[in-house]
Amino acid sequence: MKTIMKYVVADLIRNKVIVVYAIILAVLSFSVLSIDENPAKGLLSLLNVTLLFVPLISILFATIYYFNSIEFIELLLAQPVRRNKVLLAEYAGLTISLSLAYLLGVGLPVMIISPNLAAITLLMSGFLLTLIFTAIALLIFVLFKDKTKGIGAAIAAAMFFTLLFDGLLLIFIYSFNEYPIDKAVLGITAFNPVDLARILMLLQLDVAVLMGYSGALFKKFLGTGTGSVYVVVCMLFWVLLPLLLSVRVFRKKDL
Amino acid sequence: MIHINALTKSFGSFKALDNISLNFAKGRTVSLLGPNGSGKTTLIKSILGLVIPDKGTISINDKQIGNDWQYRSHIGYMPQIGRYPENMTIGQVIKMIKDIRKDNVQYDEELITQLGVDKISSKTMRSLSGGTRQKVSACLAFLFSPGILILDEPTAGLDPLASEILKDKIIQECNKGKLVLITSHILSDLDGITNDVVYLQDGKLIFYKSVDELQHMTSETKLNKMIASVMRNEHAKTAHV
Amino acid sequence: MPRLIITILFIFFVFNGNAKTIVVRADKANAIKNALAYCADGDTLTIEKGLYKEQDILVSKRITILGKDYPVIDGVKKGQLIVVVRDSVTISGLQLQNTGRSSMTDMAAIRLQNVKSVSVTNNKLVNNTYGVYLQNSHYCLVYKNTIKADAKDELNSGNGIHAWKSTHLLLQSNNISGHRDGIYFEFVTDSRIINNTSTENIRYGLHFMFSHKDVYTHNSFINNGSGVAVMYSKQVEMYYNTFRHNWGDASYAILLKEIADSKIEHNLFDKNTVGIYMEGTSRIQVLYNEFVENGWAMRVQSSCDNNVFEKNNFLSNSFDVATNGTMMLNTFNNNYWDKYDGYDLDKNKVGDVPYYPVSMYSVVTERVPTAMILYRSFLTDIMNRVEKVMPSIVPDKLKDDNPLMKSLKLR
C-alpha cells in the first residue's frame with residue numbers, strides 16, 4: 001500500500017490543479033494576513049476560505065481524480081495486491097497531496113505571520129476537512145459507475161454541507177426555540193463536518209461569548225476541553241466512516 | 001491451467017456471462033472472439049478478479065480463486081485502454097509495478113528493448129500517444145514472465161512493426177509452455193499465433209475449437225474466413241431447427 | 001497620596017519623644033493580649049517570630065504593632081483576630097490566619113471600628129472569612145497586604161477588604177484572592193483604590209454600592225466569578241485598570257447599574273464574556289479604552305442615556321455591541337472598530353460611511369441563543385451581508401458616524 005501511495009503522491013504533487021490550488025491559497029493567505037493590521041481578522045477570513053473552498057475543492061478534485069484513475073486502478077488490481085489496499089492507497093495519496101497543498105498554502109503564511117493556537121486550530125480544521133471530503137469523494141466513486149453522475153453527487157454533497165444543512169438547522173432552531181434543544185442541536189451538528197470544523201474554531205475564537213449563554217450545555221461542554229475533543233473525535237469518525245463504507249462497497253464492485 | 005465452471009454474471013437484467021464452462025491448458029494461445037457485448041471482457045475481468053461472478057467458479061492451477069489475491073502473481077495483464085497517472089514517467093510506472101510485485105525478481109525485459117520503451121523512459125505518460133501507452137502496457141504484461149498472459153485487444157493501437165514484435169513474443173512465450181488469452185477484433189492479427197478459438201455471443205459459449213479442427217471443418221486457411229464459415233453454418237442450423 | 005499619609009504618620013512618631021518598645025515572644029498563652037496591657041499611647045509592640053493562638057485582640061491604645069519575620073497569629077477558626085478601636089494605630093508585618101465563621105458577626109482578621117488614620121501595611125492574611133474590615137472609619141491606609149482565602153461558596157464566605165460607611169480611604173498595592181468579593185465598598189466616599197490586584201474571587205473582584213466620588217486606577221481584576229459590579233453610585237472614576245478573563249453567563253468585566261456622571265478611561269478589557277454591561281446609567285464617559293477578544297465588548301441596555309463612547313479600540317470581539325431595544329440615546333463617535341469595512345476616500349483617517357456596531361446575528365442570538373451554534377458559518381455571513389444592504393432588525397440609531405480607519409495607540 002505504501003508503494004502505491006508513494007507513486008500516487010509523486011504523480012499528484014506535479015499535478016497542475018494541486019499546484020495552482022496551493023499557490024492560490026498562499027497568495028490569498030499572505031494578502032489577507034498582511035493587509036490587515038489585525039491578524040485575528042485575517043484568520044477569520046481564512047476560516048471562511050477554509051470552510052467554503054476546502055470541502056468543495058477536495059471533493060470535486062478527488063472525485064474527478066478517482067474516476068480518471070479507473071483504468072489505472074484496474075491495472076493495479078490485476079496485480080497480486082489486495083483490493084482494499086489499492087483503494088486506500090489511492091485515498092491516502094490523494095489526501096496527502098491535497099493536505100500538503102492546504103498546509104503549505106495556508107499553513108506557511110499563517111505560521112510566519114501570526115503563529116498562535118487559533119492558527120493551529122484553523123490548520124487542523126482545514127486538514128481534517130480535506131481528509132473528510134476526500135473520503136466522501138471516495139465513497140461517491142465506489143457508489144457511482146458514471147463519472148458525470150459522480151461529479152454531480154460531489155457538487156450536491158459540497159453544497160449540502162456548506163450551506164443547505166445550516167439553513168435547515170436554523171429553521172429547526174427557530175421553530176423549536178421554546179423547547180430545550182441545546183443537546184439536540186449539538187447532536188445534529190455532528191452530522192455536518194463543516195459545522196464541526198467551524199465549531200472547533202468557535203471554541204478558539206469565541207469561548208467568551210459561548211460562556212455568556214445561560215445554556216449550561218454550551219458552558220459545560222463547549223467551554224472546556226471536552227468540547228474540542230468531542231468535535232475532533234466526530235471529525236475523525238467522518239473520515240473513518242466513508243472510508244470503511246467505501247472499502248465494503250469496493251470489495252463487491254465490478255470494474 | 002484455468003478451469004472455468006458454470007460461470008454466470010449479470011449486470012442488472014443484462015446477462016453478460018451465461019453458464020460458461022471452459023478449460024484452458026498451458027502451452028496454448030486461445031483467442032476469445034465474439035461481437036461487442038458478447039462477454040469477452042467480462043470473462044477476462046472475472047479471471048482477473050475485477051468482476052465478481054454471480055455463480056460458478058474459476059480455478060487457476062487447481063486453486064479456486066475466491067477472496068484470494070495472490071494467484072494474480074501468475075498473471076500478466078495487458079488492458080485494452082492503458083491510462084496511467086499523467087505526471088508519472090514510463091520509468092516510474094515500470095518501477096512501481098516492479099515494487100508491487102516484489103516477490104518476482106527475474107524480469108523479462110526483452111520487450112522493453114525491442115519496442116524501444118527503454119529509450120523514452122523519462123517521458124511522462126501525459127505526453128505519450130495511445131500506441132506508445134499500449135507498448136508500455138505490453139511490456140508490463142510480459143515483465144514478470146508469468147504463466148498466464150491475458151491480452152485485451154493487444155494490437156489495436158500498435159504500429160505494424162510493434163505489432164509483429166508482439167506477435168513473435170506471444171508465439172515465443174506460448175512455445176515456452178505458457179497460456180495466452182487474447183481478445184481481438186482484428187482476426188488477421190491472430191493468424192499464425194492462435195491455437196484455439198473461443199466464440200462467445202450474448203454471454204453464451206457458441207463454440208470452443210482448435211484452429212486445426214476449424215480448418216478441417218471449413219477447409220479455409222484464414223481465421224476470419226473460418227469463423228465466417230462456421231457462423232454461417234451455425235445460423236443455418238438454428239434456422240432449420 | 002499614600003506617601004502623604006506615610007509622611008504624616010512619620011512626623012507623628014518623631015514628636016512622640018518618650019515612646020517605648022515592648023517585645024512579645026510566643027512563650028505563654030495570650031502573650032499579645034498580656035503585652036498590650038502594658039502599652040501606652042505612642043509605644044511600639046514588636047512581636048517576635050512564632051505562633052500565637054489568640055483571638056479578639058483589642059487594640060485600644062495609639063500604638064504601632066510590628067511583626068518580626070511575620071509572626072503568625074492564628075484564630076483557630078474561633079472569633080476575630082485584631083479589633084482596632086483607637087485612632088492612629090499601625091499594624092504591620094503580621095501573618096493573620098484562620099478567623100472564625102459566623103452568621104451573626106462578620107469575622108475579620110483586622111477590624112477597624114470607628115477610627116481615623118489607622119494603617120494596615122505589609123501583612124499576610126490567610127484563610128480568613130473577612131480580611132480587613134473597615135467600619136465607619138476615615139483616612140485609613142491599607143497598603144501592600146496579601147489577602148488570600150479559599151472560599152467555596154458565597155454564603156459562607158466574606159470579602160477581602162470590606163469597607164462600610166467610611167470616607168477618605170486609600171487602598172493601595174494589595175493582592176487579594178479567593179474571597180467572596182475582593183474589595184467591597186458600601187457607603188464609602190472620597191476614596192482611592194490604586195494598583196491592587198484582585199483575582200479569583202468567587203463573586204466580584206470589586207463590588208461597590210452607594211459609594212460616590214471614588215477613584216479606581218491601575219488595578220487588575222482577573223478571573224473573578226462575575227468581574228466587577230458598580231451600582232447606585234455617582235462620580236466614579238476608573239482609569240488604567242485591567243479587566244481580564246472574567247467568564248461566565250453572569251460575568252462582566254464591569255457591571256454598571258444606576259451609575260451617573262462617571263468616567264471610564266484608558267482601561268483594558270481583555271477576554272471577558274461582557275466588557276461593559278450597563279443598565280440605567282447616565283452621563284458616563286467611556287473614552288480611550290481597549291476592548292480585546294471579549295464575547296460582547298459592550299451590552300448597552302436601552303435604559304441608558306447620554307453616555308458617550310469615544311476613541312475606544314474594539315479588537316477581535318465576537319460582538320462589539322448588543323442592546324435589548326431599538327432606542328438609543330447614547331453617542332458613539334470616533335472609535336476604531338476592527339469589523340468596519342468602509343472606505344476613506346477623502347483620506348482624513350475617518351471612514352466615510354457610518355459603522356453599525358450591533359450585528360444582525362447578535363440580534364438573532366439575543367432572541368434565540370441556541371442559534372449561536374451557527375455563528376461564523378457561511379449562512380450567517382450571507383445573512384449579515386444582506387442585513388447591511390437592507391437593515392431591518394438592527395437598531396439604526398446605534399451607529400458610529402465617524403469610525404476611525406486605524407486603531408488608536410492606547411497602551
# chains A, B, ... in the order shown; residues from 1 in each chain; ligands from 1
$ interface_residues --of "chain B" --to "chain A" --cutoff "6 Å" --atoms "only C-alpha atoms" --output "PyMOL selection string"
chain B and resi 48+50-51+69-70+72-73+83-84+87-88
$ write_last_selection --atoms "N, CA, C and O atoms" --output "short mmCIF file (atom, residue, chain, number, x, y, z; two decimals), in the first residue's frame"
data_model
loop_
_atom_site.label_atom_id
_atom_site.label_comp_id
_atom_site.auth_asym_id
_atom_site.auth_seq_id
_atom_site.Cartn_x
_atom_site.Cartn_y
_atom_site.Cartn_z
N LEU B 48 -9.45 -12.15 -13.83
CA LEU B 48 -8.56 -11.24 -13.11
C LEU B 48 -9.09 -10.84 -11.73
O LEU B 48 -8.39 -10.19 -10.96
N LEU B 50 -11.53 -8.76 -11.34
CA LEU B 50 -12.04 -7.39 -11.38
C LEU B 50 -13.56 -7.39 -11.36
O LEU B 50 -14.19 -6.45 -10.89
N VAL B 51 -14.14 -8.47 -11.90
CA VAL B 51 -15.59 -8.62 -11.86
C VAL B 51 -15.88 -9.82 -10.98
O VAL B 51 -15.21 -10.85 -11.08
N TRP B 69 -5.91 -13.25 -3.49
CA TRP B 69 -5.39 -12.29 -4.46
C TRP B 69 -4.00 -12.68 -4.96
O TRP B 69 -3.53 -12.19 -5.96
N GLN B 70 -3.39 -13.67 -4.27
CA GLN B 70 -2.01 -13.99 -4.63
C GLN B 70 -1.91 -14.67 -5.99
O GLN B 70 -0.87 -14.61 -6.63
N ARG B 72 -2.85 -13.83 -8.65
CA ARG B 72 -2.59 -12.91 -9.76
C ARG B 72 -1.10 -12.75 -10.05
O ARG B 72 -0.73 -12.16 -11.06
N SER B 73 -0.25 -13.29 -9.16
CA SER B 73 1.18 -13.22 -9.48
C SER B 73 1.52 -14.18 -10.62
O SER B 73 2.62 -14.11 -11.17
N ARG B 83 -4.36 3.67 -19.32
CA ARG B 83 -4.27 5.06 -18.83
C ARG B 83 -3.51 5.04 -17.52
O ARG B 83 -3.84 4.28 -16.61
N TYR B 84 -2.55 5.90 -17.43
CA TYR B 84 -1.67 5.89 -16.26
C TYR B 84 -1.70 7.29 -15.65
O TYR B 84 -2.04 8.26 -16.32
N ASN B 87 1.38 12.40 -14.57
CA ASN B 87 2.69 13.00 -14.36
C ASN B 87 3.78 11.98 -14.06
O ASN B 87 4.90 12.34 -13.73
N MET B 88 3.41 10.70 -14.15
CA MET B 88 4.43 9.67 -13.94
C MET B 88 5.18 9.45 -15.24
O MET B 88 4.61 9.54 -16.33
#
$ closest_atom_pairs --of "chain A" --to "chain C" --cutoff "8 Å" --atoms "only C-alpha atoms" --output "Markdown table"
| residue | atom | partner | partner_atom | distance |
| --- | --- | --- | --- | --- |
| A:Asn38 | CA | C:Asp338 | CA | 7.6 |
| A:Ala40 | CA | C:Ser316 | CA | 6.5 |
| A:Lys41 | CA | C:Ser316 | CA | 6.9 |
| A:Asn48 | CA | C:Phe378 | CA | 7.1 |
| A:Leu51 | CA | C:Phe378 | CA | 7.8 |
| A:Leu52 | CA | C:Phe378 | CA | 7.4 |
| A:Thr162 | CA | C:Phe378 | CA | 7.0 |
| A:Leu163 | CA | C:Leu379 | CA | 6.1 |
| A:Asp166 | CA | C:Leu379 | CA | 6.7 |
| A:Gly167 | CA | C:Leu379 | CA | 6.9 |
| A:Leu170 | CA | C:Ala371 | CA | 6.8 |
| A:Ile173 | CA | C:Ala371 | CA | 6.5 |
| A:Tyr174 | CA | C:Val368 | CA | 7.2 |
| A:Asn177 | CA | C:Val368 | CA | 6.6 |
| A:Ile181 | CA | C:Thr370 | CA | 7.8 |
| A:Asp182 | CA | C:Thr370 | CA | 6.3 |
| A:Val185 | CA | C:Thr370 | CA | 7.9 |
| A:Leu186 | CA | C:Ile373 | CA | 7.9 |
| A:Asp195 | CA | C:Ser377 | CA | 7.6 |
| A:Arg198 | CA | C:Ser377 | CA | 7.0 |
| A:Ile199 | CA | C:Ile373 | CA | 7.3 |
| A:Leu202 | CA | C:Arg376 | CA | 7.9 |
| A:Leu205 | CA | C:Ser318 | CA | 7.6 |
| A:Asp206 | CA | C:Ser318 | CA | 5.9 |
| A:Val207 | CA | C:Gly295 | CA | 7.3 |
| A:Ala208 | CA | C:Thr273 | CA | 4.5 |
| A:Val209 | CA | C:Gly295 | CA | 3.8 |
| A:Leu210 | CA | C:Gly295 | CA | 7.5 |
| A:Met211 | CA | C:Gly248 | CA | 5.1 |
| A:Gly212 | CA | C:Asp249 | CA | 4.0 |
| A:Tyr213 | CA | C:Asp249 | CA | 5.4 |
| A:Ser214 | CA | C:Asp249 | CA | 5.4 |
| A:Lys219 | CA | C:Gly248 | CA | 7.8 |
$ write_last_selection --atoms "C-alpha atoms" --output "CSV table (one decimal), in the first residue's frame"
chain,number,residue,atom,x,y,z
A,38,ASN,CA,-5.1,42.8,13.0
A,40,ALA,CA,-7.0,37.8,14.0
A,41,LYS,CA,-9.3,39.4,11.4
A,48,ASN,CA,-14.3,31.4,5.7
A,51,LEU,CA,-14.9,26.3,5.4
A,52,LEU,CA,-16.1,27.1,1.9
A,162,THR,CA,-21.6,24.1,3.3
A,163,LEU,CA,-25.0,25.8,3.0
A,166,ASP,CA,-27.1,25.1,8.1
A,167,GLY,CA,-30.2,26.6,6.6
A,170,LEU,CA,-31.5,27.4,11.5
A,173,ILE,CA,-33.7,26.1,15.9
A,174,TYR,CA,-36.2,28.8,15.1
A,177,ASN,CA,-36.9,27.7,20.1
A,181,ILE,CA,-33.0,21.9,22.2
A,182,ASP,CA,-29.3,22.6,23.0
A,185,VAL,CA,-28.7,20.9,18.2
A,186,LEU,CA,-25.2,19.9,19.3
A,195,ASP,CA,-20.1,22.7,11.1
A,198,ARG,CA,-16.4,25.7,12.4
A,199,ILE,CA,-17.3,24.9,16.0
A,202,LEU,CA,-15.5,28.9,17.6
A,205,LEU,CA,-12.2,32.5,18.9
A,206,ASP,CA,-15.5,32.9,20.8
A,207,VAL,CA,-15.3,31.0,24.0
A,208,ALA,CA,-16.1,34.2,25.8
A,209,VAL,CA,-19.4,34.6,24.1
A,210,LEU,CA,-20.3,30.9,24.3
A,211,MET,CA,-19.8,31.2,28.0
A,212,GLY,CA,-22.3,34.1,28.1
A,213,TYR,CA,-25.3,31.9,27.3
A,214,SER,CA,-27.2,30.6,30.1
A,219,LYS,CA,-20.9,26.3,29.0
$ residues_around --residues "Ile259 of chain C" --least-positions-apart "5" --cutoff "12 Å" --atoms "only C-alpha atoms" --output "ChimeraX atom specification"
/C:208-213,229-237,254,264,277-285,303-307
$ residues_around --residues "segment 185-193 of chain B" --least-positions-apart "4" --cutoff "8 Å" --atoms "only C-alpha atoms" --output "PyMOL selection string"
chain B and resi 29+31+33+153+155-156+167+170-171+222-224
$ atom_distance --atom1 "atom CA of Asn36 of chain B" --atom2 "atom CA of Thr183 of chain B"
11.2 Å
$ closest_residue --among "C:Ser302, C:Asn241, C:Ser362, C:Asn156" --to "Val321 of chain C" --atoms "only C-alpha atoms"
C:Ser362
$ residues_around --residues "Leu205 of chain B" --least-positions-apart "4" --cutoff "12 Å" --atoms "only C-alpha atoms" --output "list in words"
Ala6, Leu7, Thr8, Ala16, Leu17, Asp18, Asn19, Ile20, Ser21, Leu22, Leu32, Leu33, Gly34, Ser38, Gly39, Lys40, Leu43, Val197, Val198, Tyr199, Leu200, Gln201 and Lys209 of chain B
$ select_by_dssp --residues "segment 11-236 of chain A" --states "alpha helix (DSSP H)" --output "ChimeraX atom specification"
/A:11-12,16-35,39-68,70-77,83-102,108-113,117-143,147-159,165-175,182-189,193-205,207-211,216-217,225-236
$ residues_around --residues "Ile2 of chain B" --least-positions-apart "6" --cutoff "9 Å" --atoms "only C-alpha atoms" --output "PyMOL selection string"
chain B and resi 22-26+47+58-62+179
$ write_last_selection --atoms "C-alpha atoms" --output "PDB file, in the first residue's frame"
ATOM      1  CA  LEU B  22     -14.103 -23.633 -20.175  1.00  0.00           C
ATOM      2  CA  ASN B  23     -10.736 -25.283 -19.717  1.00  0.00           C
ATOM      3  CA  PHE B  24      -7.514 -23.634 -20.818  1.00  0.00           C
ATOM      4  CA  ALA B  25      -4.336 -25.712 -20.898  1.00  0.00           C
ATOM      5  CA  LYS B  26      -0.778 -24.486 -20.796  1.00  0.00           C
ATOM      6  CA  ILE B  47     -10.435 -14.301 -14.348  1.00  0.00           C
ATOM      7  CA  ILE B  58     -12.768 -20.199 -11.626  1.00  0.00           C
ATOM      8  CA  SER B  59      -9.736 -22.250 -10.681  1.00  0.00           C
ATOM      9  CA  ILE B  60      -6.196 -21.398 -11.596  1.00  0.00           C
ATOM     10  CA  ASN B  61      -3.564 -24.086 -11.201  1.00  0.00           C
ATOM     11  CA  ASP B  62      -6.220 -26.152  -9.395  1.00  0.00           C
ATOM     12  CA  LEU B 179      -1.077 -19.922 -21.604  1.00  0.00           C
TER      13      LEU B 179
END
$ atom_distance --atom1 "atom CA of Thr194 of chain B" --atom2 "atom CA of Val211 of chain B"
7.3 Å
$ residues_around --residues "Ala108 of chain C" --least-positions-apart "4" --cutoff "9 Å" --atoms "only C-alpha atoms" --output "number ranges by chain"
C: 79-83, 99-100, 128-133, 158
